[in-house]
$ cat coords25.txt   # compact mmCIF, C-alpha atoms
# COMPACT_ATOMS: atom_id res chain seq x y z
CA MET S 1 -1.83 -18.55 27.02
CA LEU S 2 -2.22 -22.04 28.55
CA THR S 3 -5.38 -23.95 29.38
CA GLN S 4 -5.84 -25.47 32.83
CA LYS S 5 -4.32 -28.66 31.40
CA GLY S 6 -1.25 -26.75 30.25
CA GLU S 7 -2.08 -27.01 26.55
CA ASN S 8 -1.56 -24.18 24.07
CA THR S 9 -4.70 -22.44 22.90
CA LEU S 10 -5.45 -22.07 19.17
CA ALA S 11 -4.47 -18.42 19.36
CA ASP S 12 -1.03 -19.36 20.69
CA SER S 13 -0.65 -21.94 17.95
CA GLU S 14 -1.41 -19.31 15.29
CA GLU S 15 1.11 -16.94 16.86
CA LEU S 16 3.79 -19.64 16.74
CA VAL S 17 3.10 -20.22 13.04
CA LEU S 18 3.32 -16.49 12.30
CA ASP S 19 6.55 -16.19 14.27
CA LYS S 20 8.06 -19.14 12.39
CA PHE S 21 7.32 -17.66 8.98
CA ALA S 22 8.32 -14.15 10.08
CA ASP S 23 11.64 -15.48 11.39
CA ASN S 24 12.23 -17.21 8.05
CA LEU S 25 11.62 -14.12 5.93
CA ARG S 26 13.37 -11.78 8.35
CA SER S 27 16.50 -13.96 8.22
CA ARG S 28 16.45 -14.01 4.42
CA ILE S 29 16.17 -10.22 4.29
CA LYS S 30 19.03 -9.78 6.78
CA ALA S 31 21.17 -12.20 4.77
CA GLY S 32 20.75 -9.97 1.72
CA GLU S 33 18.75 -12.41 -0.39
CA TYR S 34 16.71 -9.52 -1.82
CA GLY S 35 19.41 -6.85 -1.79
CA THR S 36 18.96 -3.46 -0.12
CA SER S 37 15.78 -2.45 -1.93
CA GLY S 38 14.73 -5.50 -3.93
CA THR S 39 11.26 -6.90 -4.49
CA LEU S 40 10.10 -9.80 -2.33
CA PRO S 41 8.15 -12.79 -3.66
CA SER S 42 4.40 -12.31 -3.98
CA THR S 43 2.10 -13.46 -1.21
CA SER S 44 0.99 -16.32 -3.48
CA ASP S 45 4.58 -17.47 -3.99
CA LEU S 46 5.34 -17.30 -0.28
CA ALA S 47 2.13 -19.13 0.57
CA SER S 48 3.22 -21.88 -1.81
CA GLN S 49 6.73 -22.01 -0.33
CA TRP S 50 5.44 -22.16 3.22
CA LYS S 51 2.43 -24.36 2.41
CA THR S 52 0.07 -21.97 4.13
CA SER S 53 -2.67 -19.48 3.23
CA ARG S 54 -2.22 -16.04 1.71
CA THR S 55 -4.01 -14.67 4.78
CA VAL S 56 -1.20 -15.94 7.00
CA VAL S 57 1.42 -14.51 4.62
CA THR S 58 -0.33 -11.13 4.68
CA GLN S 59 -0.19 -11.14 8.50
CA VAL S 60 3.53 -11.92 8.32
CA MET S 61 4.02 -9.01 5.92
CA LEU S 62 2.14 -6.64 8.23
CA LEU S 63 4.39 -7.71 11.09
CA LEU S 64 7.58 -7.12 9.11
CA ARG S 65 6.27 -3.78 7.85
CA SER S 66 5.68 -2.68 11.44
CA GLU S 67 9.25 -3.73 12.29
CA GLY S 68 10.64 -1.74 9.36
CA TYR S 69 12.05 -4.59 7.30
CA ILE S 70 9.77 -4.17 4.30
CA ARG S 71 7.56 -1.57 2.66
CA MET S 72 4.67 -1.79 0.24
CA ILE S 73 4.44 0.25 -2.97
CA ASN S 74 1.92 -0.35 -5.75
CA ASN S 75 0.93 -3.70 -4.20
CA ARG S 76 4.55 -4.88 -4.21
CA TYR S 77 6.58 -5.68 -1.12
CA LEU S 78 10.13 -4.33 -1.16
CA VAL S 79 13.05 -4.44 1.24
CA ASN S 80 13.05 -1.23 3.24
CA HIS S 81 15.88 1.26 2.94
CA PRO S 82 18.29 1.20 5.92
CA ARG S 83 17.29 3.73 8.57
CA PHE S 84 18.45 7.31 8.12
CA ILE S 85 20.29 8.66 11.15
CA PHE S 86 18.44 11.83 12.13
CA THR S 87 20.33 14.13 14.49
CA GLY S 88 17.94 17.09 14.48
CA MET S 89 16.27 19.54 12.14
CA PRO S 90 18.28 19.66 8.88
CA LYS S 91 18.81 22.98 7.15
CA ASP S 92 17.24 21.54 4.00
CA PHE S 93 15.58 18.10 3.96
CA GLY S 94 15.86 17.98 0.17
CA GLN S 95 19.62 18.39 0.41
CA TYR S 96 19.66 15.83 3.23
CA LEU S 97 18.18 13.27 0.81
CA LYS S 98 20.62 14.27 -1.95
CA ASP S 99 23.51 13.73 0.47
CA HIS S 100 22.23 10.16 0.91
CA GLY S 101 22.04 9.52 -2.83
CA PHE S 102 18.34 10.16 -3.43
CA GLU S 103 16.38 12.70 -5.43
CA PRO S 104 13.92 14.61 -3.21
CA VAL S 105 10.28 14.78 -4.27
CA MET S 106 8.20 17.54 -2.63
CA GLU S 107 4.45 17.57 -3.21
CA ASN S 108 1.87 20.03 -1.86
CA LEU S 109 -0.93 18.11 -0.14
CA ILE S 110 -3.06 21.23 0.32
CA GLU S 111 -2.89 24.60 -1.40
CA PRO S 112 -0.77 26.88 0.81
CA SER S 113 -3.00 29.56 2.28
CA LEU S 114 -3.19 32.60 4.52
CA GLU S 115 -5.21 31.79 7.62
CA THR S 116 -5.68 32.44 11.31
CA MET S 117 -3.83 30.10 13.64
CA SER S 118 -6.40 27.86 15.30
CA ALA S 119 -6.66 27.40 19.04
CA GLU S 120 -5.42 23.81 18.69
CA ILE S 121 -2.26 24.79 16.83
CA ALA S 122 -1.66 27.88 18.96
CA THR S 123 -1.82 25.70 22.08
CA LEU S 124 0.47 23.11 20.48
CA PHE S 125 3.18 25.71 19.93
CA ASP S 126 2.39 27.93 22.94
CA GLN S 127 1.40 30.92 20.78
CA PRO S 128 -1.44 33.46 20.96
CA VAL S 129 -4.69 32.37 19.31
CA GLY S 130 -5.64 34.29 16.17
CA GLU S 131 -2.19 35.05 14.75
CA SER S 132 -2.17 35.43 10.95
CA VAL S 133 -0.02 32.70 9.40
CA VAL S 134 0.86 31.12 6.07
CA HIS S 135 0.10 27.41 6.22
CA ARG S 136 1.29 24.60 3.97
CA ILE S 137 1.48 20.78 4.08
CA ARG S 138 3.81 18.77 1.86
CA LYS S 139 4.62 15.11 1.32
CA GLN S 140 8.37 14.57 1.15
CA SER S 141 9.51 11.44 -0.67
CA MET S 142 12.76 9.95 -1.93
CA ARG S 143 13.36 8.84 -5.51
CA LYS S 144 16.06 6.71 -7.06
CA GLU S 145 16.31 5.13 -10.50
CA GLY S 146 14.62 1.75 -10.54
CA ILE S 147 12.91 2.29 -7.18
CA PRO S 148 9.35 3.64 -6.86
CA ASP S 149 9.01 6.99 -5.06
CA TYR S 150 8.86 6.33 -1.34
CA PRO S 151 7.16 8.79 1.08
CA LEU S 152 9.22 9.53 4.19
CA ARG S 153 7.59 12.52 5.87
CA ILE S 154 4.66 14.87 5.98
CA ALA S 155 5.89 18.40 6.65
CA GLU S 156 3.31 20.87 7.95
CA ASN S 157 4.52 24.44 8.37
CA TRP S 158 3.16 27.69 9.75
CA TYR S 159 5.00 30.97 9.09
CA PRO S 160 4.06 34.40 10.47
CA ALA S 161 2.18 36.14 7.66
CA ARG S 162 4.27 39.29 8.02
CA LEU S 163 7.34 37.26 7.01
CA ALA S 164 5.98 34.75 4.50
CA GLU S 165 2.92 36.20 2.76
CA ASP S 166 5.05 37.55 -0.10
CA PHE S 167 6.09 33.98 -0.94
CA LEU S 168 2.59 32.48 -0.88
CA GLU S 169 2.07 32.33 -4.64
CA GLU S 170 5.40 30.63 -5.20
CA MET S 171 4.58 28.11 -2.46
CA ARG S 172 1.41 27.21 -4.35
CA THR S 173 3.29 26.40 -7.56
CA ASN S 174 6.62 25.22 -6.21
CA GLY S 175 6.75 22.57 -3.50
CA TYR S 176 10.52 22.96 -3.35
CA ILE S 177 10.71 26.62 -2.28
CA HIS S 178 12.78 27.01 0.89
CA VAL S 179 10.75 29.63 2.74
CA VAL S 180 13.18 30.09 5.64
CA GLU S 181 15.97 30.92 3.17
CA ALA S 182 13.62 33.31 1.34
CA ILE S 183 12.80 35.06 4.64
CA LYS S 184 16.50 35.35 5.43
CA ALA S 185 17.27 36.79 1.99
CA LYS S 186 14.48 39.39 2.15
CA TYR S 187 14.49 40.42 5.81
CA GLY S 188 17.86 39.28 7.15
CA ILE S 189 16.06 37.20 9.79
CA SER S 190 17.49 33.76 10.61
CA ILE S 191 16.53 30.93 12.92
CA VAL S 192 18.96 30.69 15.84
CA LYS S 193 16.95 28.65 18.36
CA THR S 194 14.68 25.62 18.04
CA LYS S 195 12.47 23.94 20.62
CA GLU S 196 11.70 20.32 19.78
CA ASP S 197 9.17 17.82 21.10
CA THR S 198 9.02 14.25 19.80
CA LEU S 199 6.10 11.86 20.10
CA ALA S 200 5.80 8.24 18.97
CA ARG S 201 2.33 7.15 17.86
CA ILE S 202 0.33 5.42 15.16
CA PRO S 203 -0.73 7.57 12.20
CA THR S 204 -4.19 8.94 11.61
CA ARG S 205 -6.09 7.40 8.72
CA GLN S 206 -5.23 10.42 6.54
CA GLU S 207 -1.53 10.30 7.45
CA ALA S 208 -1.38 6.56 6.74
CA SER S 209 -2.94 7.16 3.33
CA TRP S 210 -0.51 9.96 2.47
CA LEU S 211 2.53 7.96 3.62
CA ASN S 212 1.35 4.62 2.21
CA LEU S 213 1.53 2.96 5.63
CA ALA S 214 -0.25 0.11 7.30
CA ARG S 215 -2.58 1.74 9.81
CA TYR S 216 -0.62 0.50 12.83
CA GLN S 217 2.85 1.18 11.44
CA PRO S 218 4.44 3.69 13.85
CA VAL S 219 5.37 7.30 13.12
CA PHE S 220 7.33 9.99 14.91
CA GLU S 221 5.62 13.33 15.34
CA LEU S 222 8.19 16.12 15.71
CA LEU S 223 7.09 19.57 16.79
CA TRP S 224 9.59 22.34 16.11
CA SER S 225 9.23 25.95 17.25
CA ASN S 226 11.88 28.11 15.57
CA PHE S 227 12.92 31.58 16.72
CA ALA S 228 15.15 34.46 15.60
CA SER S 229 17.78 36.07 17.81
CA ASP S 230 15.27 38.63 19.13
CA GLY S 231 12.85 35.86 20.16
CA GLN S 232 10.30 36.38 17.38
CA PRO S 233 8.92 33.16 15.83
CA VAL S 234 10.02 32.41 12.27
CA MET S 235 8.45 29.01 11.64
CA PHE S 236 6.48 26.26 13.36
CA ASN S 237 6.70 22.69 12.05
CA ARG S 238 4.77 19.50 12.62
CA ILE S 239 6.72 16.69 10.96
CA ILE S 240 5.22 13.21 10.67
CA MET S 241 8.06 10.77 9.93
CA VAL S 242 7.84 7.08 9.08
CA ALA S 243 9.42 5.76 12.29
CA THR S 244 10.81 2.61 10.68
CA ASN S 245 12.92 4.73 8.30
CA PHE S 246 14.68 6.88 10.88
CA ARG S 247 16.88 6.48 13.92
CA LEU S 248 16.76 9.58 16.11
CA SER S 249 20.26 10.25 17.41
CA ARG S 250 21.29 12.92 19.92
CA GLU S 251 24.63 13.76 21.51
CA TYR S 252 24.89 16.33 24.31
CA PRO S 253 26.93 17.13 27.42
CA VAL S 254 25.76 15.71 30.74
CA GLU S 255 26.68 17.31 34.06
CA HIS S 256 24.44 15.33 36.44
CA TRP S 257 27.36 13.44 37.97
CA SER S 258 30.06 16.12 37.69

$ encode --input "coords25.txt" --output "structure tokens"
Amino acid sequence: MLTQKGENTLADSEELVLDKFADNLRSRIKAGEYGTSGTLPSTSDLASQWKTSRTVVTQVMLLLRSEGYIRMINNRYLVNHPRFIFTGMPKDFGQYLKDHGFEPVMENLIEPSLETMSAEIATLFDQPVGESVVHRIRKQSMRKEGIPDYPLRIAENWYPARLAEDFLEEMRTNGYIHVVEAIKAKYGISIVKTKEDTLARIPTRQEASWLNLARYQPVFELLWSNFASDGQPVMFNRIIMVATNFRLSREYPVEHWS
């Protein structure tokens, strides 16, 4: 913003300083100075290098976190992992991480329970209110030797009780159980159709805490409704993904101009 005399305001001056330091660190990260997952200098070291305050450095770090260049774990700033290309619901997210060279870490955030689907969730997935469902929420992280566990997603699932209640106890003790595969093995029912909605937003305070995010670091919210061949629902998902770790990629035929 300019004053009537055409001079920069103090706010503009501060923005220019932040941009200068952010450009410096961004360029160093892109050039590979810290590797693909290395630790960055501390805020004190960067403040000394740049001859500025730690407050300014912290603002620079928040900016680069929101852009997806760095992440923060245990009060350390690390180079962020390159974005995963995400083409749709994987059969098994744990296997998806293994295919990319990481060990999956699945942690129950609540105790899986049998409950009645609330009006809010029923509306979200266009289902009747009051259906009996098995509900669970897990944090899904990646692990690699020498790198602290890094949360990628919150996976919230609802399964019709008639299909999943028999697996409830195992869900409570085993965050890795693949319920859809268990349903298929017991009942011969498979998912053949998925409806997906994707939203971009900032996380709630609880989501940010679970995913170790800055409050204004963006997330994708994916809503999946999954159905068997006869149209009966098998699973509903609400997936909260760290947006700076994923690139959503779709390929499909287009006939608009045929």

$ closest_residue --input "coords25.txt" --among "S:Arg28, S:Arg153, S:Arg138, S:Arg76" --to "S:Ala243" --atoms "all atoms listed in the file"
S:Arg153

$ residues_around --input "coords25.txt" --residues "S:Val179" --least-positions-apart "4" --cutoff "8 Å" --atoms "all atoms listed in the file" --output "list in words"
Ala164, Phe167 and Ile183 of chain S

$ closest_residue --input "coords25.txt" --among "S:Phe220, S:Phe227, S:Tyr187, S:Phe125" --to "S:Ile239" --atoms "all atoms listed in the file"
S:Phe220

$ closest_atom_pairs --input "coords25.txt" --of "stretch 16-77 of chain S" --to "stretch 81-85 of chain S" --cutoff "10 Å" --atoms "only C-alpha atoms" --output "tab-separated table"
residue	atom	partner	partner_atom	distance
S:Thr36	CA	S:His81	CA	6.4
S:Ser37	CA	S:His81	CA	6.1
S:Gly38	CA	S:His81	CA	9.7
S:Gly68	CA	S:Arg83	CA	8.6
S:Tyr69	CA	S:His81	CA	8.2
S:Ile70	CA	S:His81	CA	8.3
S:Arg71	CA	S:His81	CA	8.8

$ residues_around --input "coords25.txt" --residues "S:Gln127" --least-positions-apart "5" --cutoff "12 Å" --atoms "only C-alpha atoms" --output "ChimeraX atom specification"
/S:116-122,132-133,158,160,225,232-233,235-236

$ write_last_selection --input "coords25.txt" --atoms "C-alpha atoms" --output "PDB file, in the coordinates of the input"
ATOM      1  CA  THR S 116      -5.680  32.440  11.310  1.00  0.00           C
ATOM      2  CA  MET S 117      -3.830  30.100  13.640  1.00  0.00           C
ATOM      3  CA  SER S 118      -6.400  27.860  15.300  1.00  0.00           C
ATOM      4  CA  ALA S 119      -6.660  27.400  19.040  1.00  0.00           C
ATOM      5  CA  GLU S 120      -5.420  23.810  18.690  1.00  0.00           C
ATOM      6  CA  ILE S 121      -2.260  24.790  16.830  1.00  0.00           C
ATOM      7  CA  ALA S 122      -1.660  27.880  18.960  1.00  0.00           C
ATOM      8  CA  SER S 132      -2.170  35.430  10.950  1.00  0.00           C
ATOM      9  CA  VAL S 133      -0.020  32.700   9.400  1.00  0.00           C
ATOM     10  CA  TRP S 158       3.160  27.690   9.750  1.00  0.00           C
ATOM     11  CA  PRO S 160       4.060  34.400  10.470  1.00  0.00           C
ATOM     12  CA  SER S 225       9.230  25.950  17.250  1.00  0.00           C
ATOM     13  CA  GLN S 232      10.300  36.380  17.380  1.00  0.00           C
ATOM     14  CA  PRO S 233       8.920  33.160  15.830  1.00  0.00           C
ATOM     15  CA  MET S 235       8.450  29.010  11.640  1.00  0.00           C
ATOM     16  CA  PHE S 236       6.480  26.260  13.360  1.00  0.00           C
TER      17      PHE S 236
END

$ residues_near_point --input "coords25.txt" --point "(13.4, 38.0, 3.6)" --cutoff "12 Å" --atoms "all atoms listed in the file" --output "ChimeraX atom specification"
/S:162-167,178-190,234

$ closest_residue --input "coords25.txt" --among "S:Leu223, S:Leu25, S:Leu248, S:Val242" --to "S:Asp126" --atoms "all atoms listed in the file"
S:Leu223

$ atom_distance --input "coords25.txt" --atom1 "atom CA of S:Ser229" --atom2 "atom CA of S:Met89"
17.5 Å

$ residues_around --input "coords25.txt" --residues "S:Trp50" --least-positions-apart "2" --cutoff "12 Å" --atoms "all atoms listed in the file" --output "list in words"
Val17, Leu18, Lys20, Phe21, Ala22, Asn24, Leu25, Pro41, Thr43, Ser44, Asp45, Leu46, Ala47, Ser48, Thr52, Ser53, Arg54, Val56, Val57 and Val60 of chain S

$ residues_around --input "coords25.txt" --residues "S:Arg136" --least-positions-apart "2" --cutoff "7 Å" --atoms "all atoms listed in the file" --output "MDAnalysis selection string"
chainID S and resid 110:113 134 138 156:158

$ residues_around --input "coords25.txt" --residues "S:Ser249" --least-positions-apart "4" --cutoff "9 Å" --atoms "all atoms listed in the file" --output "ChimeraX atom specification"
/S:85-88

$ atom_distance --input "coords25.txt" --atom1 "atom CA of S:Phe93" --atom2 "atom CA of S:Leu152"
10.7 Å

$ closest_residue --input "coords25.txt" --among "S:Leu97, S:Ile154, S:Val105, S:Ala200" --to "S:Ser141" --atoms "only C-alpha atoms"
S:Val105

$ closest_residue --input "coords25.txt" --among "S:Ile202, S:Met241, S:Val254, S:Ala228" --to "S:Arg215" --atoms "only C-alpha atoms"
S:Ile202

$ atom_distance --input "coords25.txt" --atom1 "atom CA of S:Tyr159" --atom2 "atom CA of S:Val192"
15.5 Å

$ closest_residue --input "coords25.txt" --among "S:Arg247, S:Pro148, S:Gln59, S:Ala161" --to "S:Glu15" --atoms "only C-alpha atoms"
S:Gln59
